[in-house]
Each structure stands twice: as structure tokens, then as C-alpha cells.
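A.B. asks: For reference, this is my_file.tsv, and it has TSV, C-alpha atoms.
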```tsv
chain	number	residue	atom	x	y	z
A	383	MET	CA	12.00	14.26	20.69
A	384	HIS	CA	13.23	17.83	21.04
A	385	LEU	CA	12.75	20.33	18.25
A	386	PRO	CA	16.45	21.34	18.10
A	387	HIS	CA	17.23	17.82	16.91
A	388	LEU	CA	14.50	17.94	14.29
A	389	LYS	CA	15.21	21.27	12.63
A	390	PRO	CA	18.37	20.30	10.67
A	391	SER	CA	16.75	17.09	9.45
A	392	LEU	CA	13.56	18.82	8.40
A	393	GLY	CA	15.52	21.43	6.51
A	394	LEU	CA	17.37	18.73	4.60
A	395	VAL	CA	14.14	16.92	3.77
A	396	ALA	CA	12.71	20.16	2.43
A	397	LEU	CA	15.58	20.36	-0.04
A	398	THR	CA	15.13	16.77	-1.21
A	399	PRO	CA	12.66	17.49	-4.06
A	400	LEU	CA	15.20	19.76	-5.74
A	401	LEU	CA	17.46	16.75	-6.32
A	402	ALA	CA	14.99	15.40	-8.86
A	403	GLY	CA	16.08	18.07	-11.30
A	404	CYS	CA	19.79	18.05	-10.47
A	405	ALA	CA	20.91	14.57	-11.55
A	406	SER	CA	23.97	14.87	-13.79
A	407	SER	CA	25.41	12.62	-16.45
A	408	GLU	CA	28.02	11.52	-13.92
A	409	VAL	CA	25.37	9.88	-11.74
A	410	SER	CA	24.87	6.16	-12.30
A	411	GLY	CA	22.13	5.31	-14.78
A	412	LEU	CA	20.81	2.83	-12.20
A	413	GLY	CA	20.20	0.14	-14.79
A	414	PHE	CA	19.87	2.34	-17.89
A	415	GLU	CA	22.47	3.52	-20.37
A	416	GLU	CA	22.76	7.14	-21.42
A	417	GLY	CA	22.25	8.19	-25.04
A	418	VAL	CA	20.59	5.03	-26.35
A	419	SER	CA	17.52	6.86	-27.63
A	420	SER	CA	15.89	10.27	-27.64
A	421	VAL	CA	13.60	9.01	-24.89
A	422	ASN	CA	16.57	8.31	-22.65
A	423	ASP	CA	17.65	11.90	-23.10
A	424	GLN	CA	14.41	12.99	-21.44
A	425	SER	CA	13.84	10.18	-18.94
A	426	LEU	CA	17.24	9.33	-17.53
A	427	SER	CA	17.79	12.42	-15.39
A	428	LEU	CA	14.24	12.09	-14.01
A	429	TRP	CA	14.93	8.43	-13.17
A	430	GLN	CA	18.21	9.35	-11.46
A	431	GLY	CA	16.71	12.28	-9.58
A	432	ALA	CA	13.78	10.24	-8.29
A	433	TRP	CA	16.14	7.59	-6.91
A	434	ILE	CA	18.39	10.23	-5.33
A	435	ALA	CA	15.42	11.97	-3.71
A	436	GLY	CA	14.08	8.63	-2.48
A	437	ALA	CA	17.47	7.68	-1.04
A	438	VAL	CA	17.84	10.98	0.81
A	439	VAL	CA	14.32	10.74	2.25
A	440	GLY	CA	14.98	7.13	3.24
A	441	VAL	CA	18.23	7.98	5.02
A	442	ILE	CA	16.67	10.89	6.90
A	443	THR	CA	13.67	8.76	7.88
A	444	LEU	CA	16.00	6.05	9.18
A	445	ILE	CA	17.92	8.65	11.23
A	446	LEU	CA	14.69	9.99	12.72
A	447	ILE	CA	13.68	6.45	13.67
A	448	LEU	CA	17.02	5.50	15.20
A	449	TRP	CA	17.64	8.82	16.97
A	450	PRO	CA	15.18	8.27	19.81
A	451	VAL	CA	16.19	4.60	20.05
A	452	PHE	CA	19.78	5.51	20.93
A	453	PHE	CA	19.53	9.00	22.42
A	454	HIS	CA	16.17	8.98	24.17
A	455	ARG	CA	16.25	5.63	25.91
A	456	LYS	CA	14.65	5.27	29.31
A	457	LYS	CA	17.12	6.57	31.93
A	458	ASP	CA	15.10	6.21	35.16
A	459	GLU	CA	11.68	5.28	36.50
A	460	ASN	CA	10.24	8.77	36.10
A	461	PHE	CA	7.25	9.03	33.81
A	462	PRO	CA	8.40	10.78	30.59
A	463	LYS	CA	7.06	14.18	29.67
A	464	GLN	CA	3.90	13.95	27.56
A	465	THR	CA	3.28	16.24	24.60
A	466	GLN	CA	-0.23	16.45	23.21
A	467	TYR	CA	0.73	17.99	19.89
A	468	ASN	CA	3.42	20.02	18.18
A	469	ILE	CA	2.03	22.27	15.46
A	470	PRO	CA	5.34	23.08	13.68
A	471	VAL	CA	6.32	19.42	13.45
A	472	GLU	CA	2.87	18.35	12.25
A	473	ILE	CA	2.88	21.05	9.57
A	474	ALA	CA	6.38	20.00	8.52
A	475	TYR	CA	5.65	16.30	8.11
A	476	THR	CA	2.51	17.16	6.12
A	477	LEU	CA	4.00	19.87	3.92
A	478	ILE	CA	7.37	18.28	3.11
A	479	PRO	CA	5.98	15.05	1.56
A	480	PHE	CA	3.52	17.18	-0.41
A	481	LEU	CA	6.38	19.30	-1.77
A	482	ILE	CA	8.39	16.19	-2.71
A	483	VAL	CA	5.46	14.66	-4.59
A	484	ALA	CA	4.56	17.98	-6.23
A	485	VAL	CA	8.08	18.57	-7.58
A	486	LEU	CA	8.46	15.00	-8.83
A	487	PHE	CA	5.01	15.28	-10.44
A	488	TYR	CA	6.02	18.50	-12.18
A	489	PHE	CA	9.17	16.99	-13.66
A	490	THR	CA	7.29	13.83	-14.68
A	491	VAL	CA	4.60	15.79	-16.53
A	492	GLN	CA	7.25	17.98	-18.16
A	493	ARG	CA	9.28	15.04	-19.49
A	494	GLU	CA	6.24	12.96	-20.45
A	495	SER	CA	4.81	15.80	-22.54
A	496	ARG	CA	8.07	15.92	-24.51
A	497	ILE	CA	8.21	12.15	-24.97
A	498	VAL	CA	4.65	11.73	-26.28
A	499	LYS	CA	4.70	14.85	-28.45
A	500	ILE	CA	3.89	14.10	-32.10
A	501	SER	CA	5.81	16.14	-34.69
A	502	PRO	CA	4.53	17.25	-38.11
A	503	ASP	CA	4.92	14.53	-40.75
A	504	SER	CA	7.58	16.59	-42.50
A	505	GLN	CA	9.86	16.23	-39.46
A	506	VAL	CA	9.56	12.44	-39.30
A	507	SER	CA	11.88	10.29	-41.41
A	508	HIS	CA	10.19	6.88	-41.18
A	509	PHE	CA	6.78	5.44	-40.33
A	510	ILE	CA	6.18	1.98	-38.89
A	511	ASP	CA	2.88	0.35	-37.90
A	512	VAL	CA	3.09	-1.95	-34.87
A	513	VAL	CA	0.25	-4.42	-34.32
A	514	GLY	CA	0.13	-6.59	-31.20
A	515	PHE	CA	-1.78	-9.85	-31.29
A	516	GLN	CA	-1.93	-13.02	-29.23
A	517	TRP	CA	0.94	-13.72	-28.97
A	518	SER	CA	3.43	-11.86	-31.14
A	519	TRP	CA	4.00	-8.72	-33.18
A	520	GLN	CA	3.57	-7.43	-36.72
A	521	PHE	CA	5.75	-4.60	-38.04
A	522	LYS	CA	4.76	-2.81	-41.24
A	523	TYR	CA	7.44	-0.53	-42.69
A	524	LYS	CA	5.67	2.27	-44.54
A	525	ASP	CA	8.91	3.20	-46.34
A	526	ALA	CA	7.99	0.60	-48.98
A	527	GLY	CA	4.64	2.25	-49.63
A	528	ASP	CA	1.57	0.03	-49.73
A	529	PHE	CA	3.49	-3.01	-50.93
A	530	LYS	CA	2.80	-5.89	-48.55
A	531	SER	CA	6.40	-7.05	-48.54
A	532	ALA	CA	7.20	-4.36	-45.97
A	533	THR	CA	5.30	-6.33	-43.35
A	534	VAL	CA	7.04	-8.69	-40.93
A	535	THR	CA	4.87	-10.95	-38.76
A	536	GLY	CA	6.31	-12.91	-35.87
A	537	SER	CA	5.13	-15.81	-33.75
A	538	PRO	CA	5.91	-17.09	-30.25
A	539	ALA	CA	8.24	-19.65	-31.82
A	540	GLN	CA	9.92	-17.06	-34.08
A	541	PRO	CA	9.87	-13.60	-32.51
A	542	PRO	CA	10.24	-10.81	-35.09
A	543	THR	CA	13.02	-8.25	-35.35
A	544	LEU	CA	12.25	-4.54	-35.57
A	545	TYR	CA	14.87	-2.70	-37.62
A	546	LEU	CA	15.45	0.98	-36.85
A	547	PRO	CA	17.81	3.43	-38.60
A	548	GLN	CA	20.32	5.14	-36.35
A	549	GLY	CA	19.76	8.84	-35.82
A	550	GLN	CA	16.47	8.96	-37.74
A	551	LYS	CA	13.16	9.93	-36.17
A	552	VAL	CA	10.60	7.13	-36.48
A	553	ARG	CA	6.88	7.38	-35.79
A	554	PHE	CA	5.10	4.26	-34.61
A	555	THR	CA	1.38	3.70	-34.99
A	556	LEU	CA	0.27	1.20	-32.36
A	557	ASP	CA	-2.81	-1.03	-32.63
A	558	ALA	CA	-4.06	-4.39	-31.37
A	559	ASN	CA	-6.57	-6.72	-32.97
A	560	ASP	CA	-7.64	-8.74	-29.91
A	561	VAL	CA	-6.69	-7.62	-26.36
A	562	VAL	CA	-4.51	-4.95	-24.76
A	563	HIS	CA	-0.76	-5.35	-25.31
A	564	GLY	CA	2.21	-3.24	-24.24
A	565	PHE	CA	4.90	-2.21	-26.75
A	566	TRP	CA	7.95	-2.04	-24.47
A	567	ILE	CA	11.64	-1.50	-25.23
A	568	PRO	CA	13.28	-1.44	-21.77
A	569	ALA	CA	16.67	-0.10	-22.90
A	570	PHE	CA	14.94	2.88	-24.58
A	571	MET	CA	12.95	3.65	-21.41
A	572	ILE	CA	9.71	3.63	-23.40
A	573	GLN	CA	6.40	1.81	-23.25
A	574	MET	CA	3.02	2.46	-24.81
A	575	GLN	CA	-0.10	0.34	-24.98
A	576	ASN	CA	-1.53	-1.30	-28.09
A	577	LEU	CA	-5.30	-1.00	-27.63
A	578	PRO	CA	-8.00	-2.74	-29.69
A	579	GLY	CA	-10.12	-0.14	-31.44
A	580	VAL	CA	-7.80	2.71	-30.40
A	581	THR	CA	-4.75	3.98	-32.30
A	582	ASN	CA	-1.81	5.31	-30.32
A	583	GLN	CA	1.20	7.07	-31.79
A	584	LEU	CA	4.74	7.30	-30.50
A	585	GLU	CA	7.92	8.69	-32.04
A	586	PHE	CA	11.56	8.64	-31.05
A	587	THR	CA	15.07	8.38	-32.43
A	588	ALA	CA	17.35	5.40	-31.77
A	589	ASN	CA	20.84	6.83	-31.32
A	590	LYS	CA	23.10	3.87	-30.59
A	591	LEU	CA	23.82	0.93	-32.87
A	592	GLY	CA	23.08	-2.44	-31.32
A	593	THR	CA	20.49	-5.08	-30.54
A	594	TYR	CA	17.95	-4.58	-27.77
A	595	PRO	CA	15.21	-6.82	-26.34
A	596	GLY	CA	11.56	-5.86	-26.57
A	597	ARG	CA	8.48	-7.45	-25.10
A	598	CYS	CA	4.86	-7.05	-24.14
A	599	ASN	CA	4.48	-5.83	-20.56
A	600	ILE	CA	0.71	-6.18	-20.29
A	601	LEU	CA	-0.62	-9.57	-19.20
A	602	CYS	CA	-2.42	-10.50	-22.41
A	603	GLY	CA	-3.13	-14.20	-22.13
A	604	ARG	CA	-1.72	-17.68	-21.81
A	605	ASN	CA	1.44	-17.12	-23.89
A	606	HIS	CA	2.15	-13.57	-22.74
A	607	ALA	CA	5.68	-14.51	-21.65
A	608	GLN	CA	6.50	-15.55	-25.24
A	609	MET	CA	5.40	-12.25	-26.77
A	610	LEU	CA	8.92	-11.06	-27.50
A	611	PHE	CA	10.69	-9.12	-30.23
A	612	THR	CA	14.17	-7.78	-30.92
A	613	VAL	CA	15.07	-4.21	-31.83
A	614	LYS	CA	18.08	-3.88	-34.12
A	615	VAL	CA	19.46	-0.37	-34.63
A	616	VAL	CA	21.47	-0.19	-37.86
A	617	THR	CA	22.91	2.46	-40.14
A	618	LEU	CA	20.60	4.19	-42.60
A	619	ALA	CA	22.18	2.30	-45.51
A	620	GLU	CA	21.64	-1.05	-43.75
A	621	TYR	CA	18.06	-0.10	-42.95
A	622	GLN	CA	17.30	0.79	-46.57
A	623	SER	CA	18.94	-2.43	-47.72
A	624	TYR	CA	16.77	-4.39	-45.29
A	625	ILE	CA	13.57	-2.80	-46.63
A	626	GLU	CA	14.65	-3.47	-50.19
A	627	GLY	CA	15.30	-7.08	-49.26
A	628	LEU	CA	11.78	-7.44	-47.88
A	629	VAL	CA	10.33	-6.06	-51.10
A	630	ALA	CA	12.47	-8.34	-53.24
A	631	GLU	CA	11.44	-11.43	-51.24
A	632	GLU	CA	7.76	-10.65	-51.65
A	633	LYS	CA	8.08	-9.97	-55.36
A	634	ALA	CA	9.91	-13.27	-55.82
A	635	ALA	CA	7.18	-15.11	-53.89
A	636	ILE	CA	4.47	-13.58	-56.07
A	637	ALA	CA	6.36	-14.40	-59.27
```
Rewrite the structure from the file as C-alpha cells, please.

C.D. replies:
Amino acid sequence: MHLPHLKPSLGLVALTPLLAGCASSEVSGLGFEEGVSSVNDQSLSLWQGAWIAGAVVGVITLILILWPVFFHRKKDENFPKQTQYNIPVEIAYTLIPFLIVAVLFYFTVQRESRIVKISPDSQVSHFIDVVGFQWSWQFKYKDAGDFKSATVTGSPAQPPTLYLPQGQKVRFTLDANDVVHGFWIPAFMIQMQNLPGVTNQLEFTANKLGTYPGRCNILCGRNHAQMLFTVKVVTLAEYQSYIEGLVAEEKAAIA
């Protein structure tokens, strides 16, 4: 293959990493909806940019594969010219992938550091403990203090519902009492592991009212597929009413 044919393609590949930071709100979410949570605000453009960069690299790679097939086919019985090496091309196909990975890595680290950042307690509106166990979830709403009625425990037959107030920052404390589980809300573009003996923390704001599926995404045993829960984002008034209802139910049970 002649270098004049390669130069335009190599130049375009070199620009590909920049697309990871240039995805706009007008680009398809590619399976995710914009503005659902504060995590989406950080992750969506990275998700879009990575797909765009991958698509551009894929198209250019396909062109480079097909170009010699159609334009450098055997024309006669003469033995083709042999080239032992081509330093510029070898440097290019080593450096360009490195640049692509380096730029994507930079944006990933940048966004991840924002997502996992833990704010001072004074900046957090609500606190919820999330415990994973074989094979369901337990949610303890700290808004009700130490009163046990703020705890909801699910089962594979009756998956629990996690209520979240719209527009309020919530900090989750994640634990497990048996094996490793994965607290995953796909629509929010967030996942963090529940580890036995280790406490993880995660905080975000749910911005859009609605009901969203949640599940464990770590293979945790025989009934892993049944380890489901539902996230319900409600208004602050509805959230407070829900917590009060939990307290009232527990007090009535004790009485």
C-alpha cells in the first residue's frame, strides 16, 4: 500500500480520540436517557464519545482493509514489490491507538472521580443503608433515625422498592453480609459493589420522576437472577409521607 493513500486516513484516526470529549446533547444516548440522575450528567457524554470514537476507528479500519482488496488486486504475473519495513507507518499504528486509549482513559478517570466523590454530610439531604444478601436487598432509611421501621427487607419472591426524593442528594452506604453483590441501577448509569466486611459509599441525585429497575450484577449464587429491586423517584412530599408510613406501620405492629 502506498503512503499517499495512508496519510489522510492516519490523520483522521489521530483526531478520533478528541471525539470522546465532544459528544453533544443532540447525539443519541445509545440506550440511556439524558437527565435521569446526576450520574448521567457525568457519564452520558463519555458513553457517547466512546461509541463515536469506536465507530470512527472501525470505519477507518474497514476502509484500510478493503482498500487493497479493490485497488491493489493482482494485475499481472509479475512478482509484487516487497517492502521490509516502513518506519512512519509502524510508528503511526503504534502511536495512534496509544493516543486513543490515553484520551479515553483521561476522560474516564475525570468523570469517575466526580461520580465517586463523597460530599460533607452537611451537603447531603438523605442517608440510606443498602445491604445485599442472598438473594435480595435491605434498605434502611436513616431519615427516621434509629427506629427500625425505616428498614425495608425484600425477598426473591417480593423484591423491595427503593424510594428516592426527586432533586435531593442521597448518600448510600453499601454492605453485604455473605458474598459480593452489585448494587446496579442501569437507567442511572451507576453500579457499585456490596462487599462483605467492607463499606462502600456512593451518592447521587435522582432528577426525573418515575420507576426504574435495579438488580445485582455480580454472580452471587443460585438465585442471583432473582435479586431484583425497583427504584421509585417521587416528590419530596411523597418521600416524607412514605417514611412516615413505615414508622407508623412499625409502631402499630409493636403496639

A.B. asks: Nearest residue to A:Ser537 out of A:Cys598, A:Leu610, A:Val483, A:Val506, using all atoms listed in the file?

C.D. replies: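 That would be A:Leu610, the residue with the smallest distance to A:Ser537.
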
A.B. asks: May I ask which of the residues A:Val552, A:Ala532, A:Leu428, A:Val438 is the closest one to A:Ala630, counting all atoms listed in the file?

C.D. replies: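 Using all atoms listed in the file, A:Ala630 sits closest to A:Ala532.
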
A.B. asks: A:Asn576, A:Gln550, A:Ser504, A:Thr490: which is nearest A:Gly564, counting only C-alpha atoms?

C.D. replies: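 With only C-alpha atoms as the atom set, the closest residue is A:Asn576.
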
A.B. asks: Any idea what's packed within 9 Å of A:Gln575, counting all atoms listed in the file, ignoring anything in its chain fewer than 6 positions away? Could you give it as a PDB file with C-alpha atoms, in the coordinates of the input?

C.D. replies:
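Below is the file that was written, part_6.pdb:
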```
ATOM      1  CA  LEU A 556       0.270   1.200 -32.360  1.00  0.00           C
ATOM      2  CA  ASP A 557      -2.810  -1.030 -32.630  1.00  0.00           C
ATOM      3  CA  ALA A 558      -4.060  -4.390 -31.370  1.00  0.00           C
ATOM      4  CA  VAL A 562      -4.510  -4.950 -24.760  1.00  0.00           C
ATOM      5  CA  HIS A 563      -0.760  -5.350 -25.310  1.00  0.00           C
ATOM      6  CA  GLY A 564       2.210  -3.240 -24.240  1.00  0.00           C
ATOM      7  CA  PHE A 565       4.900  -2.210 -26.750  1.00  0.00           C
ATOM      8  CA  TRP A 566       7.950  -2.040 -24.470  1.00  0.00           C
ATOM      9  CA  ASN A 582      -1.810   5.310 -30.320  1.00  0.00           C
ATOM     10  CA  CYS A 598       4.860  -7.050 -24.140  1.00  0.00           C
ATOM     11  CA  ASN A 599       4.480  -5.830 -20.560  1.00  0.00           C
ATOM     12  CA  ILE A 600       0.710  -6.180 -20.290  1.00  0.00           C
TER      13      ILE A 600
END
```

A.B. asks: Residues near A:Glu494, anyone? I mean within 9 Å using all atoms listed in the file, not counting same-chain ones fewer than 4 positions away, as a PDB file with C-alpha atoms, in the coordinates of the input.

C.D. replies:
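The file below, around15.pdb, is the result:
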```
ATOM      1  CA  GLN A 424      14.410  12.990 -21.440  1.00  0.00           C
ATOM      2  CA  SER A 425      13.840  10.180 -18.940  1.00  0.00           C
ATOM      3  CA  PHE A 489       9.170  16.990 -13.660  1.00  0.00           C
ATOM      4  CA  THR A 490       7.290  13.830 -14.680  1.00  0.00           C
ATOM      5  CA  VAL A 498       4.650  11.730 -26.280  1.00  0.00           C
ATOM      6  CA  LYS A 499       4.700  14.850 -28.450  1.00  0.00           C
TER       7      LYS A 499
END
```

A.B. asks: Hey, which of A:Gln520, A:Phe515, A:Ser419, A:Ile469 ends up closest to A:Ile567? Count all atoms listed in the file.

C.D. replies: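 The answer is A:Ser419, which sits nearest to A:Ile567.
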
A.B. asks: Fewer than 4 positions away in the same chain doesn't count, so skip those; otherwise give me all residues within 7 Å of A:Thr535, counting only C-alpha atoms, as a VMD selection string.

C.D. replies: chain A and resid 519 to 521 542

A.B. asks: Take every atom of stretch 492-497 of chain A listed in the file, pad by 8 Å on each side, and give me the axis-aligned box centre and edge lengths in Å, one decimal, as lines of an AutoDock Vina configuration file.

C.D. replies:
```
center_x = 7.0
center_y = 15.1
center_z = -21.6
size_x = 20.5
size_y = 21.8
size_z = 22.8
```

A.B. asks: Tell me, as a list in words, which residues lie within 9 Å of A:Gly592, counting only C-alpha atoms; anything in the same chain fewer than 5 positions away does not count.

C.D. replies: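 Once the nearby chain positions are removed, what remains is Val613, Lys614, Val615 and Val616 of chain A.
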